[in-house]
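Reviewing the structure listed below.
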Amino acid sequence: MRIVIVGAGEVGSTTAESLADEHEVVVVDRDPELVETLTYEIDVLPIEGDATEIETLEEADVGDADLFIASTDDDETNIIACGIAKVCGDAFTIARTKSPKYLRPWERDERAFGVDFMVCTDLLAAQAIAGVTGLPSAQDVDTFAEGLVQMTEFEIPSGSPVADQTIAEADRFDSLTFAGVIRDGDVIIPRGGTVLRAGDDVIAIGSPGSMREFSEAITPSDNDPKSVVIVGGGQIGYQTARLLEEGGFSPMLIESDDERARWLAEQLPRTTVINGDATDQDLLTQERVGDADVLIAALETDQQNLLVTLLSSRLGAKRSIAVVETAEFVDLFETVGVDVAVSPRNVTAEEITRFTRTRHAENVAIIEGDQAEVLEFEVESDSVLVDRSIRDSAADFPAGAVIGAIARGGEHITPRGDTVVREGDHIIVFADSDSFTEVADRM
């Protein structure tokens, strides 16, 4: 596949890196330094120029492209570039936008702007935050099979009841499969005798209810989130509060701008909006932020978010989630004590990459920056799995892959050795980086 990516920043370069091994990738950017850096780091064809000028896109041979991704930091540039790409050829166009204001008209009519698929950075970040807020120790959450199945990445905390237990001992949940363990950067396909250790990231696949049960089992019960404080009422903070309200929470939101705070109070009926400076320790103490089960920092800068999370943790907040605009700082934030660091640029790059993979699967979740994937397939008549038990088909299935769940007729089925796969089933598979291409080929 020939793919043209506009923008060599964090989103564009991350997307290009994930696609370059399997596709012919062209990257367009007006910054010569970014273009030169990308040339040395990734096997792509770099084009220096302005993607809102048709001559630049013609130089990139966009007319021959199968996929066109506009991922600069400027919403208007991305939308205009997609429109020009449609004039030049018939590429499928993806536009990244930061503000939901462009997403709303596109959702009403997907022909809007000449964009085939639109990715909203702020909304994706809010969805990622809301997904992990309700599950203690959760690092990432994705849904499959129209919500019947959930994939959750949990970190086993120090002192957890399941730390030092084998998978067989920890597996006491009827509708959950331990699909993978990530330890020291390595992906492990767990067996019954695999021992879980504190600090492991466990990939669990099962029903949403089983995820809640497992979350409560691995985390002390007093960490079950009830009170949530959001710091910062920008788009990410607002969207996070809205999603949490839909999930049954009544969060507190602290916003420094008077007019914005009034608007938030009008838009969020179940949220208590406080007008004040959240970097002021006296305000945090006064509003009893230290009593929060979850503190979400969504301010304008990484420095402010780090300061607020550290202050809140010192005051007693049990868990912290921080927005990190600079993707390279994610590991730093988590090293110094932030429980979950969410990079809007990273989640956007993953969403774009995920979309390119769904041409082979119904749905895809990318784990730990492409180390593994969770994929959803509809079983076809020529699949190696059809009308065979999972035990019988194991020899024809990659060793680095695990069937985590099956959805059949609107019901969730927990796969076991004697489970027979039927044509039309939706199966959710965990696969390491060496196996997911083979898995897709055998579906």
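Residues in the structure tokens are numbered from 1 in each chain, the chains being A, B, ... in the order shown, and ligands are numbered from 1 in the order shown.
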
**Request:** Excluding A:Glu246 and residues on its chain fewer than 6 positions from it, collect all residues at most 12 Å away from it, counting only C-alpha atoms, and give them as an MDAnalysis selection string.
**Result:** chainID A and resid 127 130:131 239:240 268:271

Write out, as a PDB file, in the first residue's frame, the residues just selected, with all heavy atoms.
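File written: again.pdb
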ATOM      1  N   GLN A 127     -11.273   9.894  26.141  1.00  0.00           N
ATOM      2  CA  GLN A 127     -11.777   8.514  26.188  1.00  0.00           C
ATOM      3  C   GLN A 127     -10.779   7.582  26.860  1.00  0.00           C
ATOM      4  O   GLN A 127     -11.168   6.695  27.636  1.00  0.00           O
ATOM      5  CB  GLN A 127     -12.094   8.040  24.769  1.00  0.00           C
ATOM      6  CG  GLN A 127     -13.305   8.718  24.157  1.00  0.00           C
ATOM      7  CD  GLN A 127     -13.464   8.417  22.676  1.00  0.00           C
ATOM      8  OE1 GLN A 127     -12.511   8.032  22.001  1.00  0.00           O
ATOM      9  NE2 GLN A 127     -14.674   8.606  22.158  1.00  0.00           N
ATOM     10  N   ALA A 130     -10.966   8.407  30.662  1.00  0.00           N
ATOM     11  CA  ALA A 130     -12.208   7.923  31.272  1.00  0.00           C
ATOM     12  C   ALA A 130     -12.205   6.399  31.354  1.00  0.00           C
ATOM     13  O   ALA A 130     -12.723   5.814  32.316  1.00  0.00           O
ATOM     14  CB  ALA A 130     -13.412   8.413  30.473  1.00  0.00           C
ATOM     15  N   GLY A 131     -11.608   5.741  30.355  1.00  0.00           N
ATOM     16  CA  GLY A 131     -11.597   4.283  30.344  1.00  0.00           C
ATOM     17  C   GLY A 131     -10.846   3.684  31.512  1.00  0.00           C
ATOM     18  O   GLY A 131     -11.251   2.643  32.052  1.00  0.00           O
ATOM     19  N   GLN A 239     -14.248  17.108  28.100  1.00  0.00           N
ATOM     20  CA  GLN A 239     -14.706  15.852  27.516  1.00  0.00           C
ATOM     21  C   GLN A 239     -14.576  14.696  28.502  1.00  0.00           C
ATOM     22  O   GLN A 239     -15.429  13.801  28.553  1.00  0.00           O
ATOM     23  CB  GLN A 239     -13.910  15.539  26.238  1.00  0.00           C
ATOM     24  CG  GLN A 239     -14.102  16.532  25.101  1.00  0.00           C
ATOM     25  CD  GLN A 239     -15.491  16.472  24.495  1.00  0.00           C
ATOM     26  OE1 GLN A 239     -16.245  15.536  24.716  1.00  0.00           O
ATOM     27  NE2 GLN A 239     -15.837  17.490  23.718  1.00  0.00           N
ATOM     28  N   THR A 240     -13.518  14.721  29.320  1.00  0.00           N
ATOM     29  CA  THR A 240     -13.354  13.675  30.334  1.00  0.00           C
ATOM     30  C   THR A 240     -14.479  13.729  31.354  1.00  0.00           C
ATOM     31  O   THR A 240     -15.069  12.691  31.719  1.00  0.00           O
ATOM     32  CB  THR A 240     -12.003  13.826  31.045  1.00  0.00           C
ATOM     33  OG1 THR A 240     -10.941  13.711  30.085  1.00  0.00           O
ATOM     34  CG2 THR A 240     -11.821  12.761  32.111  1.00  0.00           C
ATOM     35  N   LEU A 268     -22.159  20.818  32.462  1.00  0.00           N
ATOM     36  CA  LEU A 268     -21.903  19.570  33.184  1.00  0.00           C
ATOM     37  C   LEU A 268     -22.761  19.520  34.453  1.00  0.00           C
ATOM     38  O   LEU A 268     -22.323  19.918  35.533  1.00  0.00           O
ATOM     39  CB  LEU A 268     -20.416  19.476  33.538  1.00  0.00           C
ATOM     40  CG  LEU A 268     -19.452  19.462  32.348  1.00  0.00           C
ATOM     41  CD1 LEU A 268     -18.013  19.696  32.817  1.00  0.00           C
ATOM     42  CD2 LEU A 268     -19.552  18.145  31.578  1.00  0.00           C
ATOM     43  N   PRO A 269     -23.984  19.021  34.355  1.00  0.00           N
ATOM     44  CA  PRO A 269     -24.922  19.078  35.492  1.00  0.00           C
ATOM     45  C   PRO A 269     -24.506  18.250  36.703  1.00  0.00           C
ATOM     46  O   PRO A 269     -24.885  18.572  37.832  1.00  0.00           O
ATOM     47  CB  PRO A 269     -26.233  18.561  34.888  1.00  0.00           C
ATOM     48  CG  PRO A 269     -25.826  17.757  33.697  1.00  0.00           C
ATOM     49  CD  PRO A 269     -24.604  18.431  33.159  1.00  0.00           C
ATOM     50  N   ARG A 270     -23.714  17.183  36.498  1.00  0.00           N
ATOM     51  CA  ARG A 270     -23.339  16.320  37.621  1.00  0.00           C
ATOM     52  C   ARG A 270     -21.930  16.606  38.135  1.00  0.00           C
ATOM     53  O   ARG A 270     -21.426  15.904  38.991  1.00  0.00           O
ATOM     54  CB  ARG A 270     -23.426  14.849  37.194  1.00  0.00           C
ATOM     55  CG  ARG A 270     -24.839  14.398  36.829  1.00  0.00           C
ATOM     56  CD  ARG A 270     -24.891  12.908  36.585  1.00  0.00           C
ATOM     57  NE  ARG A 270     -24.452  12.146  37.757  1.00  0.00           N
ATOM     58  CZ  ARG A 270     -24.406  10.821  37.796  1.00  0.00           C
ATOM     59  NH1 ARG A 270     -24.749  10.126  36.727  1.00  0.00           N
ATOM     60  NH2 ARG A 270     -23.990  10.192  38.877  1.00  0.00           N
ATOM     61  N   THR A 271     -21.305  17.646  37.587  1.00  0.00           N
ATOM     62  CA  THR A 271     -19.939  17.985  37.970  1.00  0.00           C
ATOM     63  C   THR A 271     -19.925  19.244  38.834  1.00  0.00           C
ATOM     64  O   THR A 271     -20.578  20.236  38.504  1.00  0.00           O
ATOM     65  CB  THR A 271     -19.072  18.224  36.717  1.00  0.00           C
ATOM     66  OG1 THR A 271     -19.053  17.031  35.939  1.00  0.00           O
ATOM     67  CG2 THR A 271     -17.651  18.609  37.087  1.00  0.00           C
TER      68      THR A 271
END

**Prompt:** Neighbours of stretch 420-432 of chain A within 7 Å (only C-alpha atoms; same-chain residues fewer than 3 positions away dropped), as an MDAnalysis selection string?
**Reply:** chainID A and resid 145 179 187 371:381 385:390 400:408 435:436

**Message:** Residues near A:Thr14, anyone? I mean within 12 Å using only C-alpha atoms, not counting same-chain ones fewer than 2 positions away, as number ranges by chain.
**Reply:** A: 5, 7-12, 16-20, 27, 38, 41-42, 71, 327-328, 345-353, 369-370

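Using only C-alpha atoms for every distance, the candidate list A:Ala394, A:Ile69, A:Met151, A:Ile84 yields A:Met151 as the residue closest to A:Ala138.
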
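Shortest separation to A:Pro251 among A:Gly134, A:Gly159, A:Gly234, A:Gly193 occurs at residue A:Gly134, atoms counted being only C-alpha atoms.
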
**Request:** Rounded to one decimal place, report the atom CA of A:Ala70-atom CA of A:Thr93 distance in Å.
**Result:**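 Atom-to-atom, atom CA of A:Ala70 and atom CA of A:Thr93 are spaced 7.8 Å apart.
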
**Request:** Quote the spacing between atom CA of A:Gly185 and atom CA of A:Leu135 in Å to one decimal place.
**Result:** 23.0 Å

**Residue nearest A:Asp74 - candidates A:Leu283, A:Met1, A:Ala204, A:Ala51, atoms counted: only C-alpha atoms** =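 Between A:Leu283, A:Met1, A:Ala204, A:Ala51, the residue approaching A:Asp74 most closely is A:Ala51.
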
**Prompt:** as a ChimeraX atom specification, which residues of stretch 194-350 of chain A does DSSP assign to alpha helix (DSSP H)?
**Reply:** /A:208-218,235-246,258-267,281-286,302-315,330-335,344-350

**Residue contacts of A:Leu295 (8 Å, only C-alpha atoms) excluding same-chain residues fewer than 3 positions away, as a VMD selection string** = chain A and resid 228 to 231 289 292 309 312 317 to 321

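Note that the spacing between atom CA of A:Tyr102 and atom CA of A:Phe68 amounts to 18.2 Å.
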
**Request:** Would you list the contacts of stretch 110-119 of chain A as an NGL selection string, taking every protein, DNA or RNA residue within 8 Å and counting only C-alpha atoms, but skipping same-chain residues closer than 5 positions in sequence?
**Result:** :A and (79-80 or 82-83 or 86 or 92-97 or 103 or 105 or 124 or 348 or 351-352)

**Message:** Report as an MDAnalysis selection string all protein, DNA and RNA residues lying within 10 Å of A:Val342, evaluated on only C-alpha atoms, omitting residues in the same chain fewer than 6 positions from it.
**Reply:** chainID A and resid 125:126 128:129 139:140 298 321:327 330 333

Can those selected residues be exported to a file as a PDB file, in the first residue's frame so that it contains N, CA, C and O atoms?
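And here is the file that came out, result03.pdb:
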ATOM      1  N   ALA A 125      -8.023  11.390  23.761  1.00  0.00           N
ATOM      2  CA  ALA A 125      -7.337  11.454  25.057  1.00  0.00           C
ATOM      3  C   ALA A 125      -8.334  11.342  26.206  1.00  0.00           C
ATOM      4  O   ALA A 125      -8.091  10.625  27.189  1.00  0.00           O
ATOM      5  N   ALA A 126      -9.465  12.035  26.076  1.00  0.00           N
ATOM      6  CA  ALA A 126     -10.492  11.975  27.126  1.00  0.00           C
ATOM      7  C   ALA A 126     -11.056  10.565  27.257  1.00  0.00           C
ATOM      8  O   ALA A 126     -11.295  10.070  28.370  1.00  0.00           O
ATOM      9  N   ALA A 128      -9.497   7.795  26.578  1.00  0.00           N
ATOM     10  CA  ALA A 128      -8.463   6.964  27.213  1.00  0.00           C
ATOM     11  C   ALA A 128      -8.447   7.186  28.718  1.00  0.00           C
ATOM     12  O   ALA A 128      -8.330   6.236  29.505  1.00  0.00           O
ATOM     13  N   ILE A 129      -8.571   8.443  29.140  1.00  0.00           N
ATOM     14  CA  ILE A 129      -8.563   8.762  30.566  1.00  0.00           C
ATOM     15  C   ILE A 129      -9.798   8.186  31.252  1.00  0.00           C
ATOM     16  O   ILE A 129      -9.701   7.542  32.307  1.00  0.00           O
ATOM     17  N   GLN A 139      -4.183   0.360  32.988  1.00  0.00           N
ATOM     18  CA  GLN A 139      -3.336   1.249  32.208  1.00  0.00           C
ATOM     19  C   GLN A 139      -3.949   1.568  30.851  1.00  0.00           C
ATOM     20  O   GLN A 139      -3.643   2.596  30.258  1.00  0.00           O
ATOM     21  N   ASP A 140      -4.800   0.691  30.353  1.00  0.00           N
ATOM     22  CA  ASP A 140      -5.405   0.887  29.039  1.00  0.00           C
ATOM     23  C   ASP A 140      -6.662   0.031  28.969  1.00  0.00           C
ATOM     24  O   ASP A 140      -6.723  -1.057  29.573  1.00  0.00           O
ATOM     25  N   ALA A 298      -5.252  17.881  33.630  1.00  0.00           N
ATOM     26  CA  ALA A 298      -5.435  18.175  32.206  1.00  0.00           C
ATOM     27  C   ALA A 298      -5.244  19.667  31.962  1.00  0.00           C
ATOM     28  O   ALA A 298      -6.056  20.318  31.301  1.00  0.00           O
ATOM     29  N   ILE A 321      -3.642  10.559  37.207  1.00  0.00           N
ATOM     30  CA  ILE A 321      -3.606  10.413  35.758  1.00  0.00           C
ATOM     31  C   ILE A 321      -3.257  11.780  35.185  1.00  0.00           C
ATOM     32  O   ILE A 321      -3.906  12.772  35.522  1.00  0.00           O
ATOM     33  N   ALA A 322      -2.257  11.855  34.338  1.00  0.00           N
ATOM     34  CA  ALA A 322      -1.813  13.142  33.809  1.00  0.00           C
ATOM     35  C   ALA A 322      -1.782  13.131  32.298  1.00  0.00           C
ATOM     36  O   ALA A 322      -1.360  12.151  31.676  1.00  0.00           O
ATOM     37  N   VAL A 323      -2.230  14.239  31.691  1.00  0.00           N
ATOM     38  CA  VAL A 323      -2.073  14.458  30.262  1.00  0.00           C
ATOM     39  C   VAL A 323      -0.643  14.922  30.012  1.00  0.00           C
ATOM     40  O   VAL A 323      -0.148  15.821  30.698  1.00  0.00           O
ATOM     41  N   VAL A 324       0.024  14.307  29.036  1.00  0.00           N
ATOM     42  CA  VAL A 324       1.411  14.648  28.718  1.00  0.00           C
ATOM     43  C   VAL A 324       1.487  14.990  27.236  1.00  0.00           C
ATOM     44  O   VAL A 324       1.339  14.117  26.381  1.00  0.00           O
ATOM     45  N   GLU A 325       1.691  16.260  26.931  1.00  0.00           N
ATOM     46  CA  GLU A 325       1.716  16.692  25.541  1.00  0.00           C
ATOM     47  C   GLU A 325       2.987  16.243  24.827  1.00  0.00           C
ATOM     48  O   GLU A 325       2.973  15.970  23.632  1.00  0.00           O
ATOM     49  N   THR A 326       4.099  16.180  25.535  1.00  0.00           N
ATOM     50  CA  THR A 326       5.361  15.750  24.939  1.00  0.00           C
ATOM     51  C   THR A 326       5.506  14.254  25.142  1.00  0.00           C
ATOM     52  O   THR A 326       5.731  13.780  26.256  1.00  0.00           O
ATOM     53  N   ALA A 327       5.366  13.500  24.037  1.00  0.00           N
ATOM     54  CA  ALA A 327       5.292  12.042  24.149  1.00  0.00           C
ATOM     55  C   ALA A 327       6.514  11.440  24.831  1.00  0.00           C
ATOM     56  O   ALA A 327       6.408  10.437  25.549  1.00  0.00           O
ATOM     57  N   VAL A 330       6.365  10.642  28.694  1.00  0.00           N
ATOM     58  CA  VAL A 330       5.432   9.686  29.302  1.00  0.00           C
ATOM     59  C   VAL A 330       6.135   8.799  30.318  1.00  0.00           C
ATOM     60  O   VAL A 330       5.690   8.660  31.467  1.00  0.00           O
ATOM     61  N   PHE A 333       7.170  10.760  33.500  1.00  0.00           N
ATOM     62  CA  PHE A 333       6.053  11.022  34.419  1.00  0.00           C
ATOM     63  C   PHE A 333       5.759   9.786  35.264  1.00  0.00           C
ATOM     64  O   PHE A 333       5.555   9.887  36.481  1.00  0.00           O
TER      65      PHE A 333
END
